[in-house]
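Asker: This is the structure I have questions about; it appears just below.
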Amino acid sequence: MVAIVDPDEDLVRRVGQGDPAAAQTLVARKLPRILALAQRMLGDAAEAEDVAQEAMLKAWRQAPKWAPGKARFDTWLHRVALNLCYDRLRRRREIPTDTPPDRRDEGPAPDRGLLAAETGVRVDAALKRLPDRQREAIVLCHYQELSNIEAAALMEISVEALESLLSRGRRALRQALSDMAPAGSPRAGRGDGR
Amino acid sequence: MKAERLHELADAYGADLRRWPASERAFAESLIAADPSLKSVLDEAATLDALLNAAPAPVPSAALTARVLAVAPKRKARSRLGRAVWYLGAGWAAAACAGVVAGVGLTTHLTADARADAVLYQSSLTGVDDTEVLG
């Protein structure tokens with residue numbers, strides 16, 4: 001069995017011993033990552049904060065009994081945060097609301113100018129409109145920069161299935177954002193080329 | 001076939017080879033080195049990557065950070081009972097040490113007295129013998 005090298009191992013051990021400096025370092029290292037994961041999975045800032053806080057609470061409880069060598073702490077924390085996100089996504093599906101979640105497509109706006117903030121808003125909206133599993137694959141591989149093996153394991157699918165989700169997700173994003181591609185871009189304005 | 005796989009990988013993972021499966025990075029690099037026109041495959045994927053990167057990541061608020069840190073594991077403080085047990089133990093240990101010191105001191109003193117008595121006794125015995133011998 002290949003030994004797992006975990007860059008957080010020593011930090012987690014110190015957190016488990018009640019070292020306040022280690023706790024601060026772990027928060028600085030993990031809270032932004034987990035908050036970003038939750039925000040992109042849920043598309044809701046308040047819910048993302050709740051998920052990030054709950055995931056970190058579980059991290060505090062886990063630290064004193066963390067057994068190094070079985071998994072990377074970062075992967076474990078992603079698993080925890082993803083499960084919390086799944087719970088919330090499931091609840092949303094089970095509780096139909098009178099006002100559906102904001103999923104409106106702002107559509108092409110070539111004359112609006114591609115200000116960075118505006119681009120961000122458009123990309124976030126397009127991500128939010130993706131099917132959950134496609135969005136999850138893109139969030140884990142592109143934004144969280146997990147390896148394909150880690151992402152596939154977290155999603156409990158094969159690497160081939162992950163690749164398929166990634167391809168379909170990126171294709172949908174290209175179509176949704178086709179008006180924003182820089183002029184001269186090979187795929188600008190024609191959605192998916194293949 | 002090989003170029004097709006390059007398209008598949010770029011479609012799935014984007015243009016940054018660091019996001020590609022580790023086992024296929026060298027394959028992609030060698031393929032592009034052999035046929036530089038294939039670099040356009042990565043350029044296409046880079047367009048979407050740039051758009052995705054334009055979506056900023058949220059920054060944790062100071063309030064959220066404080067809430068999380070407030071419940072971080074702390075070094076365990078001794079309870080009142082624990083402190084009492086600790087002081088009791090320390091008291092017994094101190095008393096035991098004092099006893100040992102006193103015992104050693106007393107023993108040394110007594111041994112010295114006994115040794116002096118023995119010397120005197122030996123001397124007196126020797127004295128009797130001399131008297132007897134000398135008359």
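Here, A, B, ... name the chains of the structure tokens in the order displayed, residue numbers run from 1 inside each chain, and ligands are numbered from 1 in the same displayed order.
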Listing only residues of chain A within 6 Å of chain B, what is the closest atom pair and its distance in Å (to one decimal) for each, using only C-alpha atoms, sorted by chain and residue number ascending, as a tab-separated table?
Answerer:
residue	atom	partner	partner_atom	distance
A:Gly18	CA	B:Lys74	CA	4.2
A:Pro32	CA	B:Pro60	CA	5.9
A:Ala36	CA	B:Ala57	CA	5.6
A:Trp60	CA	B:Ala72	CA	5.8
A:Gly120	CA	B:Ala55	CA	3.8
A:Glu163	CA	B:Ala12	CA	5.5
A:Leu166	CA	B:Ala12	CA	4.8
A:Ser167	CA	B:Ala12	CA	4.3
Asker: Any chance you could export the current selection's all heavy atoms as a PDB file, in the first residue's frame?
Answerer:
ATOM      1  N   GLY A  18      -4.585  20.927  21.161  1.00  0.00           N
ATOM      2  CA  GLY A  18      -5.101  22.190  21.703  1.00  0.00           C
ATOM      3  C   GLY A  18      -4.191  23.378  21.486  1.00  0.00           C
ATOM      4  O   GLY A  18      -4.277  24.361  22.217  1.00  0.00           O
ATOM      5  N   PRO A  32     -11.049  29.260   3.802  1.00  0.00           N
ATOM      6  CA  PRO A  32     -11.363  29.836   2.480  1.00  0.00           C
ATOM      7  C   PRO A  32     -11.669  28.764   1.436  1.00  0.00           C
ATOM      8  O   PRO A  32     -12.566  28.922   0.619  1.00  0.00           O
ATOM      9  CB  PRO A  32     -10.073  30.599   2.107  1.00  0.00           C
ATOM     10  CG  PRO A  32      -9.381  30.837   3.404  1.00  0.00           C
ATOM     11  CD  PRO A  32      -9.711  29.662   4.266  1.00  0.00           C
ATOM     12  N   ALA A  36     -15.315  28.393  -0.288  1.00  0.00           N
ATOM     13  CA  ALA A  36     -15.423  28.490  -1.755  1.00  0.00           C
ATOM     14  C   ALA A  36     -16.132  27.265  -2.327  1.00  0.00           C
ATOM     15  O   ALA A  36     -16.986  27.378  -3.210  1.00  0.00           O
ATOM     16  CB  ALA A  36     -14.032  28.637  -2.365  1.00  0.00           C
ATOM     17  N   TRP A  60     -12.547  20.143  14.081  1.00  0.00           N
ATOM     18  CA  TRP A  60     -12.049  20.280  15.466  1.00  0.00           C
ATOM     19  C   TRP A  60     -12.274  18.983  16.247  1.00  0.00           C
ATOM     20  O   TRP A  60     -11.447  18.558  17.022  1.00  0.00           O
ATOM     21  CB  TRP A  60     -12.750  21.421  16.186  1.00  0.00           C
ATOM     22  CG  TRP A  60     -12.540  22.810  15.682  1.00  0.00           C
ATOM     23  CD1 TRP A  60     -13.436  23.838  15.767  1.00  0.00           C
ATOM     24  CD2 TRP A  60     -11.362  23.364  15.056  1.00  0.00           C
ATOM     25  NE1 TRP A  60     -12.906  24.973  15.212  1.00  0.00           N
ATOM     26  CE2 TRP A  60     -11.644  24.725  14.781  1.00  0.00           C
ATOM     27  CE3 TRP A  60     -10.119  22.852  14.685  1.00  0.00           C
ATOM     28  CZ2 TRP A  60     -10.721  25.568  14.159  1.00  0.00           C
ATOM     29  CZ3 TRP A  60      -9.202  23.691  14.061  1.00  0.00           C
ATOM     30  CH2 TRP A  60      -9.509  25.017  13.816  1.00  0.00           C
ATOM     31  N   GLY A 120     -17.515  37.637 -13.518  1.00  0.00           N
ATOM     32  CA  GLY A 120     -17.635  36.722 -12.386  1.00  0.00           C
ATOM     33  C   GLY A 120     -19.082  36.361 -12.107  1.00  0.00           C
ATOM     34  O   GLY A 120     -19.411  35.192 -11.881  1.00  0.00           O
ATOM     35  N   GLU A 163     -14.518  12.269 -16.028  1.00  0.00           N
ATOM     36  CA  GLU A 163     -14.142  12.965 -17.269  1.00  0.00           C
ATOM     37  C   GLU A 163     -15.369  13.312 -18.095  1.00  0.00           C
ATOM     38  O   GLU A 163     -15.457  14.390 -18.687  1.00  0.00           O
ATOM     39  CB  GLU A 163     -13.189  12.087 -18.097  1.00  0.00           C
ATOM     40  CG  GLU A 163     -11.748  12.410 -17.810  1.00  0.00           C
ATOM     41  CD  GLU A 163     -10.768  11.574 -18.625  1.00  0.00           C
ATOM     42  OE1 GLU A 163     -11.091  11.175 -19.754  1.00  0.00           O
ATOM     43  OE2 GLU A 163      -9.668  11.319 -18.098  1.00  0.00           O
ATOM     44  N   LEU A 166     -17.081  16.241 -16.486  1.00  0.00           N
ATOM     45  CA  LEU A 166     -16.301  17.463 -16.716  1.00  0.00           C
ATOM     46  C   LEU A 166     -16.520  17.974 -18.145  1.00  0.00           C
ATOM     47  O   LEU A 166     -16.740  19.169 -18.360  1.00  0.00           O
ATOM     48  CB  LEU A 166     -14.812  17.185 -16.496  1.00  0.00           C
ATOM     49  CG  LEU A 166     -14.333  17.064 -15.041  1.00  0.00           C
ATOM     50  CD1 LEU A 166     -12.902  16.532 -15.000  1.00  0.00           C
ATOM     51  CD2 LEU A 166     -14.409  18.401 -14.322  1.00  0.00           C
ATOM     52  N   SER A 167     -16.452  17.069 -19.100  1.00  0.00           N
ATOM     53  CA  SER A 167     -16.603  17.468 -20.506  1.00  0.00           C
ATOM     54  C   SER A 167     -17.983  18.078 -20.747  1.00  0.00           C
ATOM     55  O   SER A 167     -18.104  19.128 -21.379  1.00  0.00           O
ATOM     56  CB  SER A 167     -16.435  16.268 -21.424  1.00  0.00           C
ATOM     57  OG  SER A 167     -15.140  15.779 -21.297  1.00  0.00           O
TER      58      SER A 167
END
Asker: Given the choices A:Pro20, A:Pro68, A:Gly43, A:Gly169, which gets closest to Asp8 in chain A if the distance is worked out from only C-alpha atoms?
Answerer: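 Selected residue with least distance to Asp8 in chain A: A:Pro68.
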Asker: How many Å lie between CA of Ala55 in chain A and CA of Arg90 in chain A, rounded to one decimal?
Answerer: 17.6 Å
Asker: Please list as a PDB file with all heavy atoms, in the first residue's frame every residue within 12 Å of Asp6 in chain A, counting only C-alpha atoms and excluding residues in the same chain fewer than 4 positions away.
Answerer:
ATOM      1  N   ASP A  10       1.105  17.261  10.504  1.00  0.00           N
ATOM      2  CA  ASP A  10       1.667  17.819  11.741  1.00  0.00           C
ATOM      3  C   ASP A  10       0.730  18.881  12.325  1.00  0.00           C
ATOM      4  O   ASP A  10       0.522  18.948  13.540  1.00  0.00           O
ATOM      5  CB  ASP A  10       3.049  18.409  11.455  1.00  0.00           C
ATOM      6  CG  ASP A  10       3.699  18.968  12.707  1.00  0.00           C
ATOM      7  OD1 ASP A  10       3.829  18.192  13.677  1.00  0.00           O
ATOM      8  OD2 ASP A  10       4.030  20.164  12.734  1.00  0.00           O
ATOM      9  N   LEU A  11       0.165  19.690  11.427  1.00  0.00           N
ATOM     10  CA  LEU A  11      -0.735  20.760  11.871  1.00  0.00           C
ATOM     11  C   LEU A  11      -1.955  20.178  12.592  1.00  0.00           C
ATOM     12  O   LEU A  11      -2.339  20.652  13.669  1.00  0.00           O
ATOM     13  CB  LEU A  11      -1.168  21.568  10.650  1.00  0.00           C
ATOM     14  CG  LEU A  11      -1.887  22.882  10.906  1.00  0.00           C
ATOM     15  CD1 LEU A  11      -1.022  23.835  11.702  1.00  0.00           C
ATOM     16  CD2 LEU A  11      -2.293  23.529   9.580  1.00  0.00           C
ATOM     17  N   VAL A  12      -2.521  19.141  12.023  1.00  0.00           N
ATOM     18  CA  VAL A  12      -3.720  18.524  12.605  1.00  0.00           C
ATOM     19  C   VAL A  12      -3.383  17.920  13.969  1.00  0.00           C
ATOM     20  O   VAL A  12      -4.171  18.029  14.920  1.00  0.00           O
ATOM     21  CB  VAL A  12      -4.298  17.453  11.652  1.00  0.00           C
ATOM     22  CG1 VAL A  12      -5.455  16.717  12.305  1.00  0.00           C
ATOM     23  CG2 VAL A  12      -4.752  18.095  10.350  1.00  0.00           C
ATOM     24  N   ARG A  13      -2.205  17.323  14.080  1.00  0.00           N
ATOM     25  CA  ARG A  13      -1.788  16.746  15.366  1.00  0.00           C
ATOM     26  C   ARG A  13      -1.726  17.832  16.442  1.00  0.00           C
ATOM     27  O   ARG A  13      -2.223  17.670  17.545  1.00  0.00           O
ATOM     28  CB  ARG A  13      -0.422  16.059  15.209  1.00  0.00           C
ATOM     29  CG  ARG A  13       0.087  15.342  16.458  1.00  0.00           C
ATOM     30  CD  ARG A  13       1.473  14.751  16.227  1.00  0.00           C
ATOM     31  NE  ARG A  13       2.424  15.709  15.686  1.00  0.00           N
ATOM     32  CZ  ARG A  13       3.006  16.679  16.383  1.00  0.00           C
ATOM     33  NH1 ARG A  13       2.746  16.791  17.669  1.00  0.00           N
ATOM     34  NH2 ARG A  13       3.846  17.517  15.807  1.00  0.00           N
ATOM     35  N   TRP A  66      -7.403  12.025  14.928  1.00  0.00           N
ATOM     36  CA  TRP A  66      -7.032  11.842  13.523  1.00  0.00           C
ATOM     37  C   TRP A  66      -5.918  10.806  13.400  1.00  0.00           C
ATOM     38  O   TRP A  66      -4.904  10.886  14.088  1.00  0.00           O
ATOM     39  CB  TRP A  66      -6.558  13.171  12.926  1.00  0.00           C
ATOM     40  CG  TRP A  66      -6.138  13.042  11.489  1.00  0.00           C
ATOM     41  CD1 TRP A  66      -4.871  13.094  10.993  1.00  0.00           C
ATOM     42  CD2 TRP A  66      -7.001  12.823  10.362  1.00  0.00           C
ATOM     43  NE1 TRP A  66      -4.899  12.926   9.621  1.00  0.00           N
ATOM     44  CE2 TRP A  66      -6.189  12.752   9.205  1.00  0.00           C
ATOM     45  CE3 TRP A  66      -8.386  12.677  10.213  1.00  0.00           C
ATOM     46  CZ2 TRP A  66      -6.711  12.554   7.931  1.00  0.00           C
ATOM     47  CZ3 TRP A  66      -8.905  12.481   8.943  1.00  0.00           C
ATOM     48  CH2 TRP A  66      -8.070  12.426   7.830  1.00  0.00           C
ATOM     49  N   ALA A  67      -6.151   9.804  12.552  1.00  0.00           N
ATOM     50  CA  ALA A  67      -5.144   8.749  12.330  1.00  0.00           C
ATOM     51  C   ALA A  67      -4.464   9.001  10.991  1.00  0.00           C
ATOM     52  O   ALA A  67      -5.064   8.780   9.946  1.00  0.00           O
ATOM     53  CB  ALA A  67      -5.817   7.391  12.330  1.00  0.00           C
ATOM     54  N   PRO A  68      -3.235   9.500  11.011  1.00  0.00           N
ATOM     55  CA  PRO A  68      -2.557   9.804   9.747  1.00  0.00           C
ATOM     56  C   PRO A  68      -2.274   8.541   8.941  1.00  0.00           C
ATOM     57  O   PRO A  68      -2.190   7.448   9.494  1.00  0.00           O
ATOM     58  CB  PRO A  68      -1.252  10.471  10.183  1.00  0.00           C
ATOM     59  CG  PRO A  68      -1.159  10.338  11.648  1.00  0.00           C
ATOM     60  CD  PRO A  68      -2.391   9.722  12.178  1.00  0.00           C
ATOM     61  N   GLY A  69      -2.144   8.725   7.630  1.00  0.00           N
ATOM     62  CA  GLY A  69      -1.767   7.591   6.778  1.00  0.00           C
ATOM     63  C   GLY A  69      -2.924   6.988   6.018  1.00  0.00           C
ATOM     64  O   GLY A  69      -2.726   6.315   5.023  1.00  0.00           O
ATOM     65  N   LYS A  70      -4.153   7.203   6.493  1.00  0.00           N
ATOM     66  CA  LYS A  70      -5.299   6.586   5.817  1.00  0.00           C
ATOM     67  C   LYS A  70      -5.803   7.467   4.677  1.00  0.00           C
ATOM     68  O   LYS A  70      -6.215   6.982   3.637  1.00  0.00           O
ATOM     69  CB  LYS A  70      -6.435   6.349   6.819  1.00  0.00           C
ATOM     70  CG  LYS A  70      -6.150   5.210   7.771  1.00  0.00           C
ATOM     71  CD  LYS A  70      -7.314   4.958   8.693  1.00  0.00           C
ATOM     72  CE  LYS A  70      -6.991   3.875   9.707  1.00  0.00           C
ATOM     73  NZ  LYS A  70      -7.976   3.811  10.783  1.00  0.00           N
ATOM     74  N   ALA A  71      -5.834   8.769   4.908  1.00  0.00           N
ATOM     75  CA  ALA A  71      -6.313   9.716   3.891  1.00  0.00           C
ATOM     76  C   ALA A  71      -5.701  11.070   4.197  1.00  0.00           C
ATOM     77  O   ALA A  71      -5.236  11.312   5.312  1.00  0.00           O
ATOM     78  CB  ALA A  71      -7.828   9.820   3.934  1.00  0.00           C
ATOM     79  N   ARG A  72      -5.713  11.938   3.198  1.00  0.00           N
ATOM     80  CA  ARG A  72      -5.245  13.306   3.456  1.00  0.00           C
ATOM     81  C   ARG A  72      -6.353  14.046   4.194  1.00  0.00           C
ATOM     82  O   ARG A  72      -7.537  13.863   3.903  1.00  0.00           O
ATOM     83  CB  ARG A  72      -4.922  13.999   2.140  1.00  0.00           C
ATOM     84  CG  ARG A  72      -3.596  13.548   1.572  1.00  0.00           C
ATOM     85  CD  ARG A  72      -3.362  14.103   0.208  1.00  0.00           C
ATOM     86  NE  ARG A  72      -3.927  15.443   0.061  1.00  0.00           N
ATOM     87  CZ  ARG A  72      -3.644  16.264  -0.935  1.00  0.00           C
ATOM     88  NH1 ARG A  72      -2.808  15.879  -1.871  1.00  0.00           N
ATOM     89  NH2 ARG A  72      -4.189  17.451  -1.018  1.00  0.00           N
ATOM     90  N   PHE A  73      -5.962  14.889   5.137  1.00  0.00           N
ATOM     91  CA  PHE A  73      -6.945  15.623   5.925  1.00  0.00           C
ATOM     92  C   PHE A  73      -7.794  16.519   5.022  1.00  0.00           C
ATOM     93  O   PHE A  73      -9.005  16.649   5.216  1.00  0.00           O
ATOM     94  CB  PHE A  73      -6.228  16.460   6.991  1.00  0.00           C
ATOM     95  CG  PHE A  73      -7.173  17.102   7.964  1.00  0.00           C
ATOM     96  CD1 PHE A  73      -7.765  16.363   8.972  1.00  0.00           C
ATOM     97  CD2 PHE A  73      -7.502  18.444   7.857  1.00  0.00           C
ATOM     98  CE1 PHE A  73      -8.658  16.942   9.858  1.00  0.00           C
ATOM     99  CE2 PHE A  73      -8.386  19.035   8.736  1.00  0.00           C
ATOM    100  CZ  PHE A  73      -8.956  18.287   9.738  1.00  0.00           C
ATOM    101  N   ASP A  74      -7.160  17.112   4.019  1.00  0.00           N
ATOM    102  CA  ASP A  74      -7.873  18.005   3.097  1.00  0.00           C
ATOM    103  C   ASP A  74      -8.982  17.246   2.355  1.00  0.00           C
ATOM    104  O   ASP A  74     -10.093  17.755   2.184  1.00  0.00           O
ATOM    105  CB  ASP A  74      -6.883  18.611   2.099  1.00  0.00           C
ATOM    106  CG  ASP A  74      -7.519  19.697   1.245  1.00  0.00           C
ATOM    107  OD1 ASP A  74      -7.867  20.755   1.796  1.00  0.00           O
ATOM    108  OD2 ASP A  74      -7.695  19.488   0.031  1.00  0.00           O
ATOM    109  N   THR A  75      -8.673  16.024   1.936  1.00  0.00           N
ATOM    110  CA  THR A  75      -9.675  15.211   1.228  1.00  0.00           C
ATOM    111  C   THR A  75     -10.825  14.866   2.173  1.00  0.00           C
ATOM    112  O   THR A  75     -11.996  14.936   1.792  1.00  0.00           O
ATOM    113  CB  THR A  75      -9.031  13.907   0.700  1.00  0.00           C
ATOM    114  OG1 THR A  75      -7.825  14.248   0.016  1.00  0.00           O
ATOM    115  CG2 THR A  75      -9.946  13.179  -0.244  1.00  0.00           C
ATOM    116  N   TRP A  76     -10.467  14.505   3.409  1.00  0.00           N
ATOM    117  CA  TRP A  76     -11.500  14.181   4.401  1.00  0.00           C
ATOM    118  C   TRP A  76     -12.407  15.390   4.629  1.00  0.00           C
ATOM    119  O   TRP A  76     -13.635  15.263   4.679  1.00  0.00           O
ATOM    120  CB  TRP A  76     -10.832  13.762   5.722  1.00  0.00           C
ATOM    121  CG  TRP A  76     -11.812  13.543   6.830  1.00  0.00           C
ATOM    122  CD1 TRP A  76     -12.513  12.403   7.093  1.00  0.00           C
ATOM    123  CD2 TRP A  76     -12.236  14.514   7.804  1.00  0.00           C
ATOM    124  NE1 TRP A  76     -13.333  12.615   8.165  1.00  0.00           N
ATOM    125  CE2 TRP A  76     -13.186  13.885   8.617  1.00  0.00           C
ATOM    126  CE3 TRP A  76     -11.896  15.842   8.059  1.00  0.00           C
ATOM    127  CZ2 TRP A  76     -13.812  14.543   9.679  1.00  0.00           C
ATOM    128  CZ3 TRP A  76     -12.517  16.500   9.095  1.00  0.00           C
ATOM    129  CH2 TRP A  76     -13.463  15.865   9.911  1.00  0.00           C
TER     130      TRP A  76
END
Asker: Give the answer as one residue: which of A:Leu89, A:Ala46, A:Ala38, A:Ile95 has the shortest atom-to-atom distance to Leu77 in chain A, using only C-alpha atoms?
Answerer: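 Among A:Leu89, A:Ala46, A:Ala38, A:Ile95, it is A:Ala38 that comes nearest to Leu77 in chain A.
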Asker: For each of A:Asp19, A:Val51, A:Leu26, A:Ala125, take the minimum atom-to-atom distance to Pro7 in chain A, counting only C-alpha atoms, then give the residue where this is smallest.
Answerer: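 Residue with the minimum atom-to-atom distance to Pro7 in chain A: A:Leu26.
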Asker: Using CA of Ala26 in chain B and CA of Glu136 in chain A as the two end points, give the distance in Å to one decimal.
Answerer: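 These atoms are spaced 27.0 Å apart.
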